2 protein chains.
Amino acid sequence: MMSENSTDPQPALERSPRPDPEPVASAASSQRLLELAARVAATECGVLIVGESGTGKEVLARFIHRNSKRAAAPFVAVNCAAIPENMLEAMLFGYERGAFTGAHVSHAGKFEQAQGGTLLLDEVTEMPIGLQAKLLRVLQEREVERIGGRGPLPLDVRVLATTNRRLREEVAAGRFREDLYYRLNVFPLAIAPLRARRDDVLPLAMQLLAARVRPAAPVPALSAEAAHLLLTYTWPGNVRELDNLLQRALILLNGPVILPQHIQFELAGDAAPQAQQPATPASLAASLDERERDLILDALRAGKGSRREAAESLGISARTLRYKLARLREAGIEVPTA
Amino acid sequence: MMSENSTDPQPALERSPRPDPEPVASAASSQRLLELAARVAATECGVLIVGESGTGKEVLARFIHRNSKRAAAPFVAVNCAAIPENMLEAMLFGYERGAFTGAHVSHAGKFEQAQGGTLLLDEVTEMPIGLQAKLLRVLQEREVERIGGRGPLPLDVRVLATTNRRLREEVAAGRFREDLYYRLNVFPLAIAPLRARRDDVLPLAMQLLAARVRPAAPVPALSAEAAHLLLTYTWPGNVRELDNLLQRALILLNGPVILPQHIQFELAGDAAPQAQQPATPASLAASLDERERDLILDALRAGKGSRREAAESLGISARTLRYKLARLREAGIEVPTA
DNA sequence: CTTCCGGCGGCAAGCATGTGCCGCCTTTGT
DNA sequence: ACAAAGGCGGCACATGCTTGCCGCCGGAAG
């Protein structure tokens, strides 16, 4: 149901003219996939890219486009899931002025915009079945006609599609036209979920980090412990989740290297420090540590940073306070410096 | 659920050009949160603010805006919960004259109004799923089109969002689009309920009082007894409730100091405010022990007395649990006996 | 009746924590 | 410049916490 958009993954609306990311393929399976993709790229073949949400289907589509003869021509992506059904048709095929209320000016559809190049139908499964028929016709006739248009326009567009569902089943269930299925799925490419290709995690992380950092700024390193955390996680949100997590890490960062405490998985609740009291505390120790941290920081602040005073008010020796502070710092917590 | 609106908390229509309140952060947890907020503010990252209603989510959002590069640009807040579904779309995206009945004049949507600045989607969870798709598209394409509009308008807006639900669960339940979730929740900030940050109560009270009093008028003082009442209350309505209570106090007031009789909690007659641990715990160890005891007893109760289960949920060995229970009993604490 | 499960508490080993002691620094007041 | 105070972190020791192992119980299931 979602588009990857790993191409411009910025969460906010800052669009930089960053080049398409090169697909990462360290895992053997990924390499095989990329090899395949490169081969189909050279052909004019329709391709269906299947993969869980967040796996980077659009990245792969762009890769195919770049490696095809059409590389110089436009690449246009349409996220069928993100566009309200009633607008999708107008968006794909375009319309002439006055074709319907609101159509004040004529508008070229995505097909036209992709003329000579490649059109990606992202999450094609989300397209209403009525539209599927029209789409099929366009593909077969190789021509579009704008809504309210005067006549068909010959088309030279390669069509790629992605989905995160099992298309076969959609077809079986009658939600997807079988003929369209065969038309789009000339060549299937399946992107494995991130958890099934651990070898890609670290290289991906590097790439994503580099892309997130200001140009020319140094790319932070991953400590061994942090890397281990990334490698053992299951990544239900796939590459997108990794990307988000790395962004968080960059924000939390205060040095040149990413430590375990900068890694915050999405596991509900913990997200930010001290949420409400969860019914099932992560663990006794964690909860107590948190509590201790709060008390110490409070005491410290109350005493305007004085370790001696704070220690006294906490009922521990100054030495112990320093000891605890050292550990807090190790854990990546900034301690008020007097 | 409503938006906090702590920014202009005046109940009536006395809106003064009062500056945004500075978030109060005396408790260690709050300080950490504010520190985090300041960091994300500097980025362009999407932020999701989670917290019970009345905790001041909008205040935090404004804080982020003020501390960002966009501070000079507009900050626009839309309360998705307070606006009827059918109007929300027009409100967000704007419309052209004649786009629908009643649209006598064109109208810029909130996105446009926030151009260059920050848009806060308050209670974003309340947005109907159909609109979510449109919102997603706007975020992805970085452009809006007014309803009935002539063409898309490029957009440079940072989007923040708040919710008082567990967004993960909403996603799991299909009430919230997963892709939108990942878009908005790049960086989560959780505001703790007021009851979990007692240290904030008094400073907050001061701030709220100062804001309520006529400019240049003296700010009433809090008597020690009154302060004690505030500190031991559980604040189910969080900051908003505190604010309301203080307003009542101001009305009842007849001198320069707020006394216990001016403090009227909302749940009249019902549960008496139960005293909790004092803001300044006797000692670290004592406080931690208390916390541990609570957690253990909770876990035990949750598991219907099963030591094994409790131990597991606490992340300690069953042996250790028994050890700890023995000590609790020694300390004269009754332990649930299966 | 036998088994199995959950619990209980003794024991001991391994570790982490809490502190005192010390030497070294930096800041501040005289 | 000197001394006193407050901090910092290395070292070492004692104490206490955590846990695995064991044997023993009592209730429930077979």
# chains A, B, ... in the order shown; residues from 1 in each chain; ligands from 1
>>> residues_around(residues="C:DC4", least_positions_apart="5", cutoff="12 Å", atoms="only C-alpha atoms (C1' of nucleotides)", output="PyMOL selection string")
chain D and resi 27-30
>>> interface_residues(of="chain C", to="chain B", cutoff="10 Å", atoms="only C-alpha atoms (C1' of nucleotides)", output="PyMOL selection string")
chain C and resi 6-9
>>> write_last_selection(atoms="N, CA and C atoms (P, O5', C5', C4', C3', O3' and C1' of nucleotides)", output="short mmCIF file (atom, residue, chain, number, x, y, z; two decimals), in the first residue's frame")
data_model
loop_
_atom_site.label_atom_id
_atom_site.label_comp_id
_atom_site.auth_asym_id
_atom_site.auth_seq_id
_atom_site.Cartn_x
_atom_site.Cartn_y
_atom_site.Cartn_z
P DG C 6 5.34 -24.50 34.66
"O5'" DG C 6 5.24 -23.90 36.12
"C5'" DG C 6 4.12 -24.26 36.90
"C4'" DG C 6 4.08 -23.49 38.18
"C3'" DG C 6 5.09 -22.35 38.29
"O3'" DG C 6 4.52 -21.35 39.13
"C1'" DG C 6 5.69 -24.08 39.80
P DG C 7 5.44 -20.05 39.55
"O5'" DG C 7 5.88 -20.34 41.06
"C5'" DG C 7 5.34 -21.46 41.68
"C4'" DG C 7 5.59 -21.43 43.16
"C3'" DG C 7 6.63 -20.42 43.63
"O3'" DG C 7 6.37 -20.02 44.98
"C1'" DG C 7 7.48 -22.62 43.91
P DC C 8 7.30 -18.93 45.68
"O5'" DC C 8 8.23 -19.82 46.63
"C5'" DC C 8 7.63 -20.84 47.39
"C4'" DC C 8 8.58 -21.31 48.45
"C3'" DC C 8 9.65 -20.27 48.80
"O3'" DC C 8 9.89 -20.20 50.20
"C1'" DC C 8 10.66 -22.25 47.95
P DG C 9 10.67 -18.90 50.74
"O5'" DG C 9 12.09 -19.54 51.02
"C5'" DG C 9 12.15 -20.69 51.83
"C4'" DG C 9 13.54 -21.27 51.82
"C3'" DG C 9 14.67 -20.25 52.03
"O3'" DG C 9 15.69 -20.90 52.77
"C1'" DG C 9 14.98 -21.30 49.98
#
>>> select_by_dssp(residues="stretch 79-243 of chain A", states="alpha helix (DSSP H)", output="PyMOL selection string")
chain A and resi 85-93+110-113+129-141+167-172+178-184+201-212+224-232+238-243
>>> select_by_dssp(residues="stretch 126-307 of chain B", states="strand (DSSP E)", output="list of chain:residue names")
B:Glu143, B:Val144, B:Leu153, B:Pro154, B:Arg158, B:Val159, B:Leu160, B:Ala161, B:Thr162, B:Thr163, B:Phe187, B:Pro188, B:Leu189, B:Ala190, B:Ile191, B:Ala221, B:Leu222, B:Val257, B:Ile258
>>> closest_residue(among="A:Tyr181, A:Phe176, A:Phe111, A:Phe100", to="chain B", atoms="only C-alpha atoms")
A:Phe100
>>> residues_around(residues="A:Leu242", least_positions_apart="2", cutoff="9 Å", atoms="only C-alpha atoms (C1' of nucleotides)", output="PyMOL selection string")
chain A and resi 201+204-205+208+230+235+237-240+244-247+265
>>> write_last_selection(atoms="C-alpha atoms", output="mmCIF file, in the first residue's frame")
data_model
loop_
_atom_site.group_PDB
_atom_site.id
_atom_site.type_symbol
_atom_site.label_atom_id
_atom_site.label_comp_id
_atom_site.auth_asym_id
_atom_site.auth_seq_id
_atom_site.Cartn_x
_atom_site.Cartn_y
_atom_site.Cartn_z
ATOM 1 C CA VAL A 201 21.995 -3.743 6.036
ATOM 2 C CA LEU A 204 22.634 0.361 2.994
ATOM 3 C CA ALA A 205 23.109 2.136 6.265
ATOM 4 C CA LEU A 208 21.635 6.270 3.625
ATOM 5 C CA LEU A 230 21.164 -3.142 13.198
ATOM 6 C CA TRP A 235 13.170 -4.537 10.093
ATOM 7 C CA GLY A 237 9.468 -1.526 7.897
ATOM 8 C CA ASN A 238 12.394 -2.563 5.725
ATOM 9 C CA VAL A 239 14.666 0.030 4.192
ATOM 10 C CA ARG A 240 12.349 2.865 4.998
ATOM 11 C CA ASN A 244 14.138 6.735 9.554
ATOM 12 C CA LEU A 245 16.161 5.173 12.300
ATOM 13 C CA LEU A 246 19.364 6.540 10.883
ATOM 14 C CA GLN A 247 17.875 9.978 10.685
ATOM 15 C CA PHE A 265 13.951 1.126 17.152
#
>>> atom_distance(atom1="atom CA of A:Ala82", atom2="atom CA of A:Pro128")
12.6 Å
>>> closest_residue(among="D:DG16, D:DC21, D:DG26, D:DG6", to="chain A", atoms="only C-alpha atoms (C1' of nucleotides)")
D:DG6
>>> residues_around(residues="A:His104", least_positions_apart="2", cutoff="10 Å", atoms="only C-alpha atoms (C1' of nucleotides)", output="list in words")
Tyr95, Glu96, Arg97, Gly98, Ala99, Phe100, Thr101, Gly102, Ser106 and His107 of chain A; Gly148, Gly149, Arg150 and Gly151 of chain B
>>> write_last_selection(atoms="N, CA and C atoms", output="PDB file, in the first residue's frame")
ATOM      1  N   TYR A  95      -6.291  15.607 -19.380  1.00  0.00           N
ATOM      2  CA  TYR A  95      -7.631  16.015 -19.757  1.00  0.00           C
ATOM      3  C   TYR A  95      -7.555  17.321 -20.540  1.00  0.00           C
ATOM      4  N   GLU A  96      -8.615  17.553 -21.283  1.00  0.00           N
ATOM      5  CA  GLU A  96      -8.707  18.817 -22.001  1.00  0.00           C
ATOM      6  C   GLU A  96      -9.515  19.798 -21.172  1.00  0.00           C
ATOM      7  N   ARG A  97      -9.242  21.014 -21.374  1.00  0.00           N
ATOM      8  CA  ARG A  97      -9.959  22.076 -20.673  1.00  0.00           C
ATOM      9  C   ARG A  97     -11.471  21.871 -20.793  1.00  0.00           C
ATOM     10  N   GLY A  98     -12.111  21.948 -19.695  1.00  0.00           N
ATOM     11  CA  GLY A  98     -13.564  21.853 -19.720  1.00  0.00           C
ATOM     12  C   GLY A  98     -14.095  20.439 -19.717  1.00  0.00           C
ATOM     13  N   ALA A  99     -13.211  19.485 -19.628  1.00  0.00           N
ATOM     14  CA  ALA A  99     -13.672  18.097 -19.655  1.00  0.00           C
ATOM     15  C   ALA A  99     -14.562  17.800 -18.457  1.00  0.00           C
ATOM     16  N   PHE A 100     -14.305  18.466 -17.385  1.00  0.00           N
ATOM     17  CA  PHE A 100     -15.155  18.283 -16.210  1.00  0.00           C
ATOM     18  C   PHE A 100     -15.025  19.523 -15.343  1.00  0.00           C
ATOM     19  N   THR A 101     -15.911  19.650 -14.380  1.00  0.00           N
ATOM     20  CA  THR A 101     -15.840  20.835 -13.534  1.00  0.00           C
ATOM     21  C   THR A 101     -14.499  20.891 -12.842  1.00  0.00           C
ATOM     22  N   GLY A 102     -13.900  22.014 -12.958  1.00  0.00           N
ATOM     23  CA  GLY A 102     -12.600  22.152 -12.340  1.00  0.00           C
ATOM     24  C   GLY A 102     -11.485  22.076 -13.361  1.00  0.00           C
ATOM     25  N   SER A 106      -6.192  22.602 -19.914  1.00  0.00           N
ATOM     26  CA  SER A 106      -5.838  21.262 -20.338  1.00  0.00           C
ATOM     27  C   SER A 106      -4.618  20.798 -19.557  1.00  0.00           C
ATOM     28  N   HIS A 107      -4.499  19.513 -19.519  1.00  0.00           N
ATOM     29  CA  HIS A 107      -3.444  18.985 -18.680  1.00  0.00           C
ATOM     30  C   HIS A 107      -2.915  17.686 -19.283  1.00  0.00           C
TER      31      HIS A 107
ATOM     32  N   GLY B 148     -10.522  22.198  -7.152  1.00  0.00           N
ATOM     33  CA  GLY B 148     -10.980  22.956  -8.303  1.00  0.00           C
ATOM     34  C   GLY B 148      -9.903  23.871  -8.852  1.00  0.00           C
ATOM     35  N   GLY B 149      -8.678  23.573  -8.488  1.00  0.00           N
ATOM     36  CA  GLY B 149      -7.595  24.478  -8.854  1.00  0.00           C
ATOM     37  C   GLY B 149      -7.050  24.216 -10.243  1.00  0.00           C
ATOM     38  N   ARG B 150      -6.245  25.133 -10.683  1.00  0.00           N
ATOM     39  CA  ARG B 150      -5.719  25.064 -12.037  1.00  0.00           C
ATOM     40  C   ARG B 150      -4.451  24.251 -12.130  1.00  0.00           C
ATOM     41  N   GLY B 151      -3.780  24.123 -11.083  1.00  0.00           N
ATOM     42  CA  GLY B 151      -2.548  23.350 -11.166  1.00  0.00           C
ATOM     43  C   GLY B 151      -1.865  23.338  -9.828  1.00  0.00           C
TER      44      GLY B 151
END
>>> interface_residues(of="chain D", to="chain B", cutoff="10 Å", atoms="only C-alpha atoms (C1' of nucleotides)", output="PyMOL selection string")
chain D and resi 17-20
>>> atom_distance(atom1="atom CA of B:Gly332", atom2="atom CA of B:Ala302")
21.5 Å
>>> interface_residues(of="chain B", to="chain A", cutoff="6 Å", atoms="only C-alpha atoms", output="list in words")
Ala28, Glu44, Cys45, Gly46, Ala133, Arg137, Arg142, Gly148, Asp156, Val157, Arg158, Asp179, Arg183, Val186, Leu189, Ala190, Ala192, Ser283, Leu284, Leu314 and Gly315 of chain B
>>> residues_around(residues="B:Glu52", least_positions_apart="3", cutoff="7 Å", atoms="only C-alpha atoms (C1' of nucleotides)", output="JSON, numbers by chain")
{"B": [55, 164, 193]}
>>> residues_around(residues="D:DC13", least_positions_apart="4", cutoff="12 Å", atoms="only C-alpha atoms (C1' of nucleotides)", output="list in words")
DT17, DG18, DT19, DG20 and DC21 of chain C
